[in-house]
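As structure tokens, the structure follows; a few thoughts come after it.
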Amino acid sequence: MADDDRDKNRRPDPDALLALAEKDRRGKLTVFLGAAPGVGKTYAMLSRAGRLKADGIDVVVGLVETHGRGETAALLDGLEVLPRQRIAHRGRMLEELDLDAALARKPRIVIVDELAHSNPEGSRHPKRHQDIEELIAAGIDVWTALNIQHLESLADLVAQITGVTVRERVPDLVLKRADEVILVDLPPTELIDRLKEGKVYLPDSASRAVDRFFRLGNLTALRELALRRTADRVDDQMVDYLKQNAIDGPWATGERLIVCVGSDALSEKVVRVASRLASGLNAPWIVVSIERADREVETPERLQKIETLFRLAEQLGAETRRVIGHDFVDEILKLARREHATQIVIGTRRRRGLERLLSRSLPDALSRKASGLGVYMVTPDKRERRRPSLQPLAPSLVALRKSAAIAVGFVASTTAVGRVIDQFVDLPNISLLFLLAVLGASVAGGYLSAFLAALLSTLAYNFFFIDPLHTFTIAAAHEVFALFIFLAVAIIAGGFASRIREQAEIARVRATALQSLYDFSRKLASTAKTDDAIWLTVSQLQTSLRRKVVLLTVRNEELAVAAAWPPDTELDVTDLTAARWAQERREPAGYGTGTLPNSRFEFRPLLGPHGIAGVCGIEHTNERLDLNAERTLTAILDQTAIALDRARLAEETVAQAARLEGERYREALLSSISHDLRTPLATITGAVTGLRQLGERMTPENRDDLLQSIEEESGRMSRFVANLLDMTRIEAGTLKPKQDWVDVTDVIQSAVDRTRKYAPGRVIETGIASDLPLIKGDSVLLSQVLFNLLDNAVKYGGEEPINVYARRDGTDVLISVTDLGKGIPPEDLDRVFEKFYRRGKPDGRAPGTGLGLSIARGFVEAMGGKIHAESPALKKRGTRIVMRFPGAEGSRTEPR
């Protein structure tokens, strides 16, 4: 029973299942791994490919280097070989993998030899393993070959073992993500024999290779590295399988590493050693760089070194972090506890003499405080210890000259002032003047100026103000004590002052950047349109970075430039290809990246909450972005992505609202038509059926009644259809009324006569002034408007008379139609002109389509008039529809 409960509680690891699902959508990578050239990796690949080809598997050769080996070349017979791409490079024609041809061919398996190969300039990717990644992403299985010395994490170790520095390297992450690693092994003695027989290199090259690289000890060490790395990869695959299937087994031990790096030369070795340690422990690891919060000590060169280290760490499979803090030890331990780390890896060097006595190293401090954590210290090699670092010497000499000039200037001025004061006043504490000099030098030039000013002030004070004068001899013992106290106070005060100066400058720079970002975010938050947000972003980036900026968005399913600064900035084919890559893969492309690095721009995708919003390109020069500019760029792009996503959602909301409104109108129209057309259709159908079946037996009076019903209901249907057509013309904007002189009196009389035929039992009274001017308009449309108003009054006005009045109001003509029905509530006076709005009759039924008044408003406004509804307050009943048209000056109708 207990075993059954355990089985029910066991569940596959979700992360492992997600990784498995991701692999199912991609191609598979198979790596033939060897300890050294000549062990038979390419031979094994082609032999296996030939067997699969014979079984009907679609296998093609994208690129294979035989290096003149006849046995290997013979295996190409019977295999489809894709043509190579010819690329001119430094006066030579190189034959490289045609990536586009392989993608277009899209076989099931493609063989691409030499995984660590570097592509020539002008290629889409600088490294072949990036070409292979694109093939895998397209769903193509790839077979490739790799020697163990080309792994990035082993490069320093291989150089130490063999004395040969490997130039072409592959990130460890490539091998770690491989679906299958096949070890091609050959004993070192057999490999040396093959080399001597000329089966690996030509005889001249073979002799040199045996003397240098292909030594028995070297090959044995490389073979061990290959076997260990293959075993680690098999162990990873076993753990993945156990997690995916919820099987209890040899799970990972839970080790987690924190690796501390800086801009020193030792940090690269620390990263490589940590990579090998993490691989051996099968443990995740985080590379962290700590920056001081209270001072800006990072130079562009040091920042570049940190960025290089971070890229190396990411290639080796690490996660990278930047931490800002004051106490390095405390920040490292906080991060270690937060990430549940078990070991800290840090570099250390030998410290000698006063340096060891006066200060405590970071590794020592970590060792004392890191209770429960292991501290792994990496030491430099002997060659690195002996190699002096001369790089900082040149900038330090420049800084020394500037600091010395500032210190000498302040001390000389203070000495002169002190000598003048000493001539007139005997001051026992004149040394305080030199404290001012030290503080001034620290504010103007920093700590180095303060330190030099303190030393010079001590000498000047001794030489000019302590007896015996003009010598450096001190006669009194207390003066010696005072002098040393002064020196100590001056150095401390100068240090504090320079520190405050640095912090003030840092605060100023950060406040300026923060204020700029705050202003930008406020403007962006108030921007609702996509184009406004795009131009605001481009302007802000150009102002902050002082570089050319382009922003691309998808329009008509194509990525196109939406804004650029300067406006005449153009993108060439390489730039556009890199931009499309950034959009499709959602990763940076172009300058400084692994994809199309020859582009002038670095393209970064704008990733919003609901997908990619666009691509931003920043032109790069020889001067790289510093850390503050990089942070500003990241913040602006993040905010822009959110703003563009918000603008897109707003536009979709408006479009959705319009669709819903149209849907509502459609439903209202269908409801109206289904009710108001069904009644006349039923009447017509019934009358026609009666005439057909009983026509000869019906009296003439009954026959005439049925024919009249058909005529009336047909006219009713005709009015419904006419209303729909009129509304369609109004909404489509195709309504173009005539501009003729219209006699309002004739139009009113015509509309009244037409309504009396339609409703013979209703009383319609007219009152038309005799001095009405002519109006400019369309008599047919105006007659239709009046008929719609009268029809509306007939439906809703009860049995009381309907009044039609026309009078002059200044230069305008007012026409009103009034009924004495129940009236309209004040809140509904404007709504009566909306489409499909209908008021119920006293019996509760709402007749008509609800389009009459809406059509009337469209016609009146098209003729340049105005229309509104009133409910007369005196009678507290009835509705009056009033139209106003501009009259023609000087024109009058004849009295009637």
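Here, A, B, ... name the chains of the structure tokens in the order displayed, residue numbers run from 1 inside each chain, and ligands are numbered from 1 in the same displayed order.
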
Selection near stretch 335-343 of chain A, 12 Å with only C-alpha atoms, sequence-local residues under 3 positions removed, as a PyMOL selection string: chain A and resi 253-260+274+277-278+281+283-290+319+321-325+328-332+346+366-367+370-377

Please produce a file of the residues just selected, as a CSV table (one decimal), in the first residue's frame, where the atoms kept are C-alpha atoms.
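Dumped everything to selection-v3.csv:
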```csv
chain,number,residue,atom,x,y,z
A,253,THR,CA,23.6,16.2,-5.5
A,254,GLY,CA,22.2,19.7,-5.4
A,255,GLU,CA,25.5,21.5,-5.6
A,256,ARG,CA,25.3,25.1,-6.8
A,257,LEU,CA,28.2,27.5,-7.4
A,258,ILE,CA,28.7,31.2,-7.0
A,259,VAL,CA,31.7,32.4,-9.0
A,260,CYS,CA,33.2,35.8,-8.2
A,274,ALA,CA,34.5,27.0,-12.3
A,277,LEU,CA,34.1,22.1,-11.5
A,278,ALA,CA,30.4,22.7,-12.3
A,281,LEU,CA,29.6,18.2,-10.1
A,283,ALA,CA,25.8,21.7,-10.8
A,284,PRO,CA,24.4,25.0,-12.0
A,285,TRP,CA,26.6,28.0,-11.5
A,286,ILE,CA,26.3,31.8,-11.4
A,287,VAL,CA,29.1,34.2,-12.3
A,288,VAL,CA,28.7,37.5,-10.4
A,289,SER,CA,30.5,40.8,-10.6
A,290,ILE,CA,30.1,43.3,-7.7
A,319,GLU,CA,24.1,32.5,-15.5
A,321,ARG,CA,24.6,38.6,-12.5
A,322,ARG,CA,25.7,42.2,-11.6
A,323,VAL,CA,25.4,43.2,-7.9
A,324,ILE,CA,25.7,46.7,-6.6
A,325,GLY,CA,26.8,47.0,-3.0
A,328,PHE,CA,31.6,42.8,-1.1
A,329,VAL,CA,31.7,40.0,1.4
A,330,ASP,CA,28.2,40.7,2.7
A,331,GLU,CA,26.8,40.9,-0.9
A,332,ILE,CA,28.4,37.7,-2.0
A,346,ILE,CA,37.0,33.0,-6.2
A,366,LEU,CA,35.0,35.1,2.8
A,367,SER,CA,36.7,32.1,4.4
A,370,ALA,CA,31.2,31.8,5.0
A,371,SER,CA,30.0,29.4,7.6
A,372,GLY,CA,28.5,26.3,6.0
A,373,LEU,CA,29.8,27.2,2.5
A,374,GLY,CA,32.8,25.9,0.7
A,375,VAL,CA,35.3,28.5,-0.6
A,376,TYR,CA,37.2,27.3,-3.7
A,377,MET,CA,40.3,29.5,-4.3
```

With only C-alpha atoms as the counted atoms, please give the residues lying no more than 9 Å from stretch 88-104 of chain A, apart from itself and same-chain residues fewer than 5 positions off, as a list in words.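 Answer for this query is Val60, Gly62, Leu63, Leu82, Pro83, Val110, Val112, Asn119, Pro120, Glu121, Gly122, Arg124, Arg128, Asp131, Ile132, Glu134, Leu135, Ala138 and Ile140 of chain A.
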
Produce a file of the selected residues containing N, CA, C and O atoms, as a compact mmCIF listing (two decimals), in the first residue's frame.
```txt
# COMPACT_ATOMS: atom_id res chain seq x y z
N VAL A 60 22.15 13.94 -46.40
CA VAL A 60 22.97 14.69 -47.35
C VAL A 60 24.21 15.20 -46.64
O VAL A 60 24.24 15.33 -45.41
N GLY A 62 26.43 18.32 -46.11
CA GLY A 62 26.51 19.76 -46.28
C GLY A 62 27.94 20.23 -46.46
O GLY A 62 28.24 21.05 -47.33
N LEU A 63 28.86 19.67 -45.64
CA LEU A 63 30.28 20.02 -45.75
C LEU A 63 31.08 18.96 -45.01
O LEU A 63 30.78 18.64 -43.86
N LEU A 82 25.91 18.62 -51.05
CA LEU A 82 25.42 19.96 -51.42
C LEU A 82 26.57 20.81 -51.94
O LEU A 82 27.70 20.71 -51.44
N PRO A 83 26.31 21.66 -52.94
CA PRO A 83 27.38 22.55 -53.42
C PRO A 83 27.78 23.55 -52.34
O PRO A 83 26.94 23.97 -51.54
N VAL A 110 21.65 16.23 -42.10
CA VAL A 110 22.71 16.88 -42.86
C VAL A 110 24.00 16.76 -42.07
O VAL A 110 24.02 16.92 -40.84
N VAL A 112 27.60 18.20 -41.23
CA VAL A 112 28.40 19.43 -41.26
C VAL A 112 29.63 19.18 -40.41
O VAL A 112 29.55 19.14 -39.18
N ASN A 119 33.85 30.99 -39.40
CA ASN A 119 33.47 31.43 -40.75
C ASN A 119 34.21 32.70 -41.13
O ASN A 119 34.55 33.52 -40.27
N PRO A 120 34.44 32.93 -42.42
CA PRO A 120 35.11 34.17 -42.85
C PRO A 120 34.19 35.37 -42.71
O PRO A 120 32.97 35.23 -42.54
N GLU A 121 34.76 36.55 -42.76
CA GLU A 121 33.98 37.78 -42.67
C GLU A 121 32.97 37.84 -43.81
O GLU A 121 33.25 37.44 -44.93
N GLY A 122 31.80 38.37 -43.50
CA GLY A 122 30.73 38.44 -44.48
C GLY A 122 29.74 37.32 -44.37
O GLY A 122 28.69 37.36 -45.02
N ARG A 124 26.90 34.91 -42.44
CA ARG A 124 25.78 35.26 -41.58
C ARG A 124 26.15 35.13 -40.11
O ARG A 124 25.77 35.95 -39.29
N ARG A 128 30.73 28.29 -37.01
CA ARG A 128 29.94 27.25 -37.66
C ARG A 128 28.89 26.66 -36.73
O ARG A 128 27.82 26.23 -37.17
N ASP A 131 25.72 28.29 -37.35
CA ASP A 131 25.04 27.78 -38.55
C ASP A 131 24.27 26.51 -38.22
O ASP A 131 23.12 26.32 -38.65
N ILE A 132 24.91 25.65 -37.46
CA ILE A 132 24.28 24.38 -37.09
C ILE A 132 23.06 24.63 -36.21
O ILE A 132 22.03 23.97 -36.35
N GLU A 134 21.05 27.13 -36.40
CA GLU A 134 19.96 27.57 -37.28
C GLU A 134 19.35 26.38 -38.02
O GLU A 134 18.13 26.31 -38.21
N LEU A 135 20.19 25.43 -38.43
CA LEU A 135 19.67 24.23 -39.07
C LEU A 135 18.80 23.42 -38.11
O LEU A 135 17.72 22.93 -38.48
N ALA A 138 15.44 24.84 -37.61
CA ALA A 138 14.55 24.61 -38.74
C ALA A 138 14.03 23.18 -38.78
O ALA A 138 13.31 22.81 -39.73
N ILE A 140 15.96 20.30 -38.76
CA ILE A 140 16.86 19.40 -39.48
C ILE A 140 17.83 18.76 -38.49
O ILE A 140 18.46 19.46 -37.69
```

Go through A:Ile500, A:Ala579, A:Val538, A:Leu455 and flag the residue nearest A:Ala488, using only C-alpha atoms for the distances. A:Leu455

For A:Ser816, please output as a JSON list (two decimals) with N, CA and C atoms, in the first residue's frame all residues within 9 Å (counting only C-alpha atoms; exclusion window: fewer than 2 positions along the same chain).
```
[["chain", "number", "residue", "atom", "x", "y", "z"],
["A", 803, "ASN", "N", -48.88, 69.14, -36.80],
["A", 803, "ASN", "CA", -48.68, 70.50, -37.30],
["A", 803, "ASN", "C", -47.31, 70.62, -37.98],
["A", 804, "VAL", "N", -47.35, 71.23, -39.16],
["A", 804, "VAL", "CA", -46.12, 71.51, -39.90],
["A", 804, "VAL", "C", -46.04, 73.02, -40.08],
["A", 805, "TYR", "N", -44.98, 73.63, -39.56],
["A", 805, "TYR", "CA", -44.81, 75.08, -39.65],
["A", 805, "TYR", "C", -43.49, 75.40, -40.34],
["A", 806, "ALA", "N", -43.48, 76.50, -41.06],
["A", 806, "ALA", "CA", -42.25, 77.00, -41.68],
["A", 806, "ALA", "C", -42.25, 78.51, -41.53],
["A", 807, "ARG", "N", -41.15, 79.04, -40.98],
["A", 807, "ARG", "CA", -41.06, 80.48, -40.79],
["A", 807, "ARG", "C", -39.62, 80.93, -40.97],
["A", 814, "LEU", "N", -36.76, 78.07, -40.67],
["A", 814, "LEU", "CA", -37.05, 77.04, -39.69],
["A", 814, "LEU", "C", -38.26, 76.26, -40.14],
["A", 818, "THR", "N", -44.66, 68.93, -35.50],
["A", 818, "THR", "CA", -45.05, 68.77, -34.10],
["A", 818, "THR", "C", -46.21, 67.80, -34.00],
["A", 880, "ARG", "N", -41.54, 67.93, -30.91],
["A", 880, "ARG", "CA", -41.34, 68.84, -32.03],
["A", 880, "ARG", "C", -39.94, 68.59, -32.58],
["A", 881, "ILE", "N", -39.88, 68.36, -33.89],
["A", 881, "ILE", "CA", -38.61, 68.20, -34.59],
["A", 881, "ILE", "C", -38.40, 69.48, -35.40],
["A", 882, "VAL", "N", -37.29, 70.17, -35.15],
["A", 882, "VAL", "CA", -37.04, 71.47, -35.77],
["A", 882, "VAL", "C", -35.81, 71.34, -36.67],
["A", 883, "MET", "N", -35.96, 71.86, -37.92],
["A", 883, "MET", "CA", -34.85, 71.91, -38.86],
["A", 883, "MET", "C", -34.53, 73.36, -39.17],
["A", 884, "ARG", "N", -33.26, 73.65, -39.34],
["A", 884, "ARG", "CA", -32.82, 75.01, -39.66],
["A", 884, "ARG", "C", -31.91, 74.96, -40.89]]
```

Closest to A:Arg25 among A:Leu596, A:Gly139, A:Gly810, A:Ala441, using only C-alpha atoms?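 Using only C-alpha atoms, A:Arg25 sits closest to A:Gly139.
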
Can you pull out every residue within 10 Å of A:Ala36, counting only C-alpha atoms, but drop anything in the same chain fewer than 5 positions away, and send it as a list in words? Lys41, Leu146, Asn147, Ile148, Gln149, His150, Val184, Asp185, Leu186, Pro188, Leu191, Phe213, Phe214, Asn218, Leu219, Leu222, Arg223 and Ala226 of chain A

I'd like the contact shell of stretch 739-756 of chain A - 8 Å cut-off, only C-alpha atoms, skipping same-chain residues fewer than 3 positions apart - returned as a list in words.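 Here the qualifying residues turn out to be Ala759, Pro760, Gly761, Arg762, Ile764, Ile768, Leu772, Pro773, Leu774, Ile775, Lys776, Gly777, Asp778, Ser779, Leu782, Ser783, Gln784, Leu786, Phe787, Leu790, Asp791, Met863 and Thr893 of chain A.
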
Keeping N, CA, C and O atoms, export the residues of the selection given above as an mmCIF file, in the first residue's frame.
```cif
data_model
loop_
_atom_site.group_PDB
_atom_site.id
_atom_site.type_symbol
_atom_site.label_atom_id
_atom_site.label_comp_id
_atom_site.auth_asym_id
_atom_site.auth_seq_id
_atom_site.Cartn_x
_atom_site.Cartn_y
_atom_site.Cartn_z
ATOM 1 N N ALA A 759 -51.577 57.870 -44.740
ATOM 2 C CA ALA A 759 -52.409 57.828 -43.527
ATOM 3 C C ALA A 759 -53.620 58.733 -43.750
ATOM 4 O O ALA A 759 -53.645 59.886 -43.295
ATOM 5 N N PRO A 760 -54.626 58.251 -44.487
ATOM 6 C CA PRO A 760 -55.759 59.120 -44.866
ATOM 7 C C PRO A 760 -56.584 59.600 -43.687
ATOM 8 O O PRO A 760 -57.273 60.619 -43.789
ATOM 9 N N GLY A 761 -56.527 58.917 -42.576
ATOM 10 C CA GLY A 761 -57.375 59.315 -41.459
ATOM 11 C C GLY A 761 -56.755 60.368 -40.552
ATOM 12 O O GLY A 761 -57.409 60.827 -39.606
ATOM 13 N N ARG A 762 -55.493 60.758 -40.772
ATOM 14 C CA ARG A 762 -54.825 61.698 -39.882
ATOM 15 C C ARG A 762 -54.995 63.118 -40.366
ATOM 16 O O ARG A 762 -55.025 63.403 -41.571
ATOM 17 N N ILE A 764 -53.486 66.734 -40.735
ATOM 18 C CA ILE A 764 -52.179 67.405 -40.808
ATOM 19 C C ILE A 764 -52.441 68.864 -41.127
ATOM 20 O O ILE A 764 -53.015 69.200 -42.180
ATOM 21 N N ILE A 768 -47.379 78.122 -43.115
ATOM 22 C CA ILE A 768 -46.179 78.505 -43.847
ATOM 23 C C ILE A 768 -46.173 80.020 -43.993
ATOM 24 O O ILE A 768 -47.141 80.614 -44.500
ATOM 25 N N LEU A 772 -40.876 83.442 -46.873
ATOM 26 C CA LEU A 772 -39.771 82.487 -46.796
ATOM 27 C C LEU A 772 -38.828 82.667 -47.978
ATOM 28 O O LEU A 772 -39.269 82.712 -49.137
ATOM 29 N N PRO A 773 -37.543 82.748 -47.738
ATOM 30 C CA PRO A 773 -36.578 82.789 -48.846
ATOM 31 C C PRO A 773 -36.342 81.387 -49.395
ATOM 32 O O PRO A 773 -36.694 80.374 -48.784
ATOM 33 N N LEU A 774 -35.731 81.325 -50.543
ATOM 34 C CA LEU A 774 -35.322 80.034 -51.076
ATOM 35 C C LEU A 774 -34.111 79.499 -50.290
ATOM 36 O O LEU A 774 -33.374 80.263 -49.673
ATOM 37 N N ILE A 775 -33.944 78.196 -50.328
ATOM 38 C CA ILE A 775 -32.755 77.605 -49.690
ATOM 39 C C ILE A 775 -31.995 76.793 -50.727
ATOM 40 O O ILE A 775 -32.561 76.356 -51.739
ATOM 41 N N LYS A 776 -30.698 76.625 -50.478
ATOM 42 C CA LYS A 776 -29.855 75.820 -51.358
ATOM 43 C C LYS A 776 -29.908 74.376 -50.880
ATOM 44 O O LYS A 776 -29.613 74.078 -49.735
ATOM 45 N N GLY A 777 -30.290 73.440 -51.742
ATOM 46 C CA GLY A 777 -30.352 72.062 -51.302
ATOM 47 C C GLY A 777 -30.916 71.152 -52.352
ATOM 48 O O GLY A 777 -30.951 71.473 -53.543
ATOM 49 N N ASP A 778 -31.392 69.990 -51.884
ATOM 50 C CA ASP A 778 -31.935 68.942 -52.758
ATOM 51 C C ASP A 778 -33.394 68.751 -52.379
ATOM 52 O O ASP A 778 -33.711 68.297 -51.272
ATOM 53 N N SER A 779 -34.305 69.090 -53.295
ATOM 54 C CA SER A 779 -35.734 69.029 -52.984
ATOM 55 C C SER A 779 -36.191 67.588 -52.726
ATOM 56 O O SER A 779 -37.077 67.356 -51.893
ATOM 57 N N LEU A 782 -35.039 66.703 -49.163
ATOM 58 C CA LEU A 782 -35.816 67.442 -48.172
ATOM 59 C C LEU A 782 -37.235 66.881 -48.080
ATOM 60 O O LEU A 782 -37.802 66.755 -46.987
ATOM 61 N N SER A 783 -37.830 66.487 -49.227
ATOM 62 C CA SER A 783 -39.162 65.880 -49.207
ATOM 63 C C SER A 783 -39.129 64.554 -48.445
ATOM 64 O O SER A 783 -40.051 64.243 -47.679
ATOM 65 N N GLN A 784 -38.040 63.772 -48.639
ATOM 66 C CA GLN A 784 -37.920 62.500 -47.924
ATOM 67 C C GLN A 784 -37.777 62.730 -46.423
ATOM 68 O O GLN A 784 -38.345 61.980 -45.610
ATOM 69 N N LEU A 786 -38.992 65.328 -44.666
ATOM 70 C CA LEU A 786 -40.299 65.708 -44.145
ATOM 71 C C LEU A 786 -41.246 64.515 -44.070
ATOM 72 O O LEU A 786 -42.001 64.368 -43.105
ATOM 73 N N PHE A 787 -41.183 63.632 -45.063
ATOM 74 C CA PHE A 787 -42.046 62.452 -45.016
ATOM 75 C C PHE A 787 -41.661 61.549 -43.838
ATOM 76 O O PHE A 787 -42.540 61.013 -43.151
ATOM 77 N N LEU A 790 -43.015 63.167 -40.708
ATOM 78 C CA LEU A 790 -44.463 63.012 -40.622
ATOM 79 C C LEU A 790 -44.834 61.556 -40.329
ATOM 80 O O LEU A 790 -45.760 61.278 -39.554
ATOM 81 N N ASP A 791 -44.132 60.630 -40.946
ATOM 82 C CA ASP A 791 -44.377 59.214 -40.677
ATOM 83 C C ASP A 791 -44.103 58.899 -39.208
ATOM 84 O O ASP A 791 -44.847 58.137 -38.569
ATOM 85 N N MET A 863 -27.113 68.599 -46.413
ATOM 86 C CA MET A 863 -27.526 69.817 -47.127
ATOM 87 C C MET A 863 -27.096 71.074 -46.392
ATOM 88 O O MET A 863 -27.512 72.178 -46.766
ATOM 89 N N THR A 893 -40.207 83.840 -52.002
ATOM 90 C CA THR A 893 -41.229 83.085 -52.731
ATOM 91 C C THR A 893 -42.448 83.954 -52.919
ATOM 92 O O THR A 893 -42.678 84.926 -52.182
#
```

Just the residues within 7 Å of stretch 378-382 of chain A, please, counting only C-alpha atoms, with nothing from its chain fewer than 5 positions along; format it as a PyMOL selection string. chain A and resi 266+270+346-349

Straight-line distance linking atom CA of A:Val573 with atom CA of A:Cys616, stated in Å to one decimal: 16.1 Å

Among listed residues A:Lys529, A:Asp519, A:Leu448, A:Ala155, nearest A:Leu649 (using only C-alpha atoms):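 Residue with the minimum atom-to-atom distance to A:Leu649: A:Lys529.
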